[in-house]
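To start, the structure under review is shown below, and the notes come after it.
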Amino acid sequence: MVSRICKRTAVVFALLATAVAAGPARADEEFPFGFEMTLDAARMPGSKRIPSLDIGDNGEVVLELWCKGGKGQFSVAGNTIIFVPGAMETRNCPPERVQADDELLAALADVATWRRQGDSITLTGSTKTLRFRLNTN
């Protein structure tokens with residue numbers, strides 16, 4: 001696990017150097033550091049929650065999922081993105097919400113590219129595409 005994180009970190013630094021050399025992106029195409037975004041999904045039966053990510057200016061993330069909550073870190077270079085989950089707090093929830101959280105965390109850990117169109121953020125991995133909406137109000 002540690003060597004995988006170290007390898008990912010080395011890749012991120014190489015990608016960041018490439019992105020800096022490529023020049024600045026337009027504001028509407030930049031990754032939404034400093035914003036909160038909500039998963040484009042329906043509510044689960046019996047729940048008022050929809051997963052959200054509160055992304056800090058340096059890529060630190062506070063996650064509120066269907067049931068669990070915790071922290072993580074995004075590293076972004078150009079259209080490449082890496083998410084590293086941190087410790088998650090398990091709350092007392094039905095098994096289907098816990099399973100949905102585990103699947104969402106796995107999908108986030110698998111994302112490799114991202115794209116922004118206005119207030120819509122798309123994170124794409126090898127098996128799943130996640131769509132989020134920026135909370136702009």
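Just so we're on the same page: first chain in the structure tokens is A, next is B, and so on; residues restart at 1 for each chain, and ligands are numbered from 1 in the order they show up.
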Find the spatial neighbours of stretch 50-67 of chain A, counting only C-alpha atoms, within a cut-off of 7 Å - ignore same-chain residues fewer than 2 positions away - and output them as an NGL selection string.
:A and (33-39 or 43 or 48 or 69-75 or 91 or 93 or 97-98 or 101)
Residue neighbourhood A:Ala112, 6 Å, only C-alpha atoms, exclusion window fewer than 6 positions, as a PyMOL selection string
chain A and resi 80-81+125
Next, the residues of the selection above should be written as a PDB file, in the first residue's frame with all heavy atoms.
```pdb
ATOM      1  N   THR A  80      -5.343  14.851 -15.514  1.00  0.00           N
ATOM      2  CA  THR A  80      -5.069  13.647 -14.736  1.00  0.00           C
ATOM      3  C   THR A  80      -5.379  13.917 -13.273  1.00  0.00           C
ATOM      4  O   THR A  80      -5.073  14.990 -12.747  1.00  0.00           O
ATOM      5  CB  THR A  80      -3.594  13.230 -14.888  1.00  0.00           C
ATOM      6  OG1 THR A  80      -3.329  13.013 -16.268  1.00  0.00           O
ATOM      7  CG2 THR A  80      -3.290  11.981 -14.106  1.00  0.00           C
ATOM      8  N   ILE A  81      -5.991  12.928 -12.625  1.00  0.00           N
ATOM      9  CA  ILE A  81      -6.369  13.098 -11.222  1.00  0.00           C
ATOM     10  C   ILE A  81      -6.124  11.804 -10.470  1.00  0.00           C
ATOM     11  O   ILE A  81      -6.286  10.713 -11.018  1.00  0.00           O
ATOM     12  CB  ILE A  81      -7.852  13.532 -11.102  1.00  0.00           C
ATOM     13  CG1 ILE A  81      -8.213  13.881  -9.668  1.00  0.00           C
ATOM     14  CG2 ILE A  81      -8.775  12.470 -11.669  1.00  0.00           C
ATOM     15  CD1 ILE A  81      -9.548  14.600  -9.545  1.00  0.00           C
ATOM     16  N   GLY A 125     -12.815   6.710 -14.356  1.00  0.00           N
ATOM     17  CA  GLY A 125     -11.895   5.644 -13.982  1.00  0.00           C
ATOM     18  C   GLY A 125     -11.960   4.535 -15.004  1.00  0.00           C
ATOM     19  O   GLY A 125     -12.607   4.666 -16.048  1.00  0.00           O
TER      20      GLY A 125
END
```
Given the choices A:Glu89, A:Pro94, A:Lys128, A:Phe83, which gets closest to A:Ala109 if the distance is worked out from only C-alpha atoms?
A:Phe83
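Minimum distance to A:Leu105 across A:Asn135, A:Asp40, A:Gly118, A:Lys68 (counting only C-alpha atoms) occurs at A:Lys68.
Minimum atom-to-atom distances from A:Asn79, A:Thr90, A:Thr136, A:Ser47 to A:Arg115 were compared using only C-alpha atoms, and the lowest value belongs to A:Asn79.
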For A:Glu29, which residue among A:Asn92, A:Ser120, A:Gln99, A:Thr127 is the nearest when counting only C-alpha atoms?
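Between A:Asn92, A:Ser120, A:Gln99, A:Thr127, the residue approaching A:Glu29 most closely is A:Ser120.
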Quote the spacing between atom CA of A:Phe132 and atom CA of A:Gly46 in Å to one decimal place.
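It comes out at 21.7 Å.
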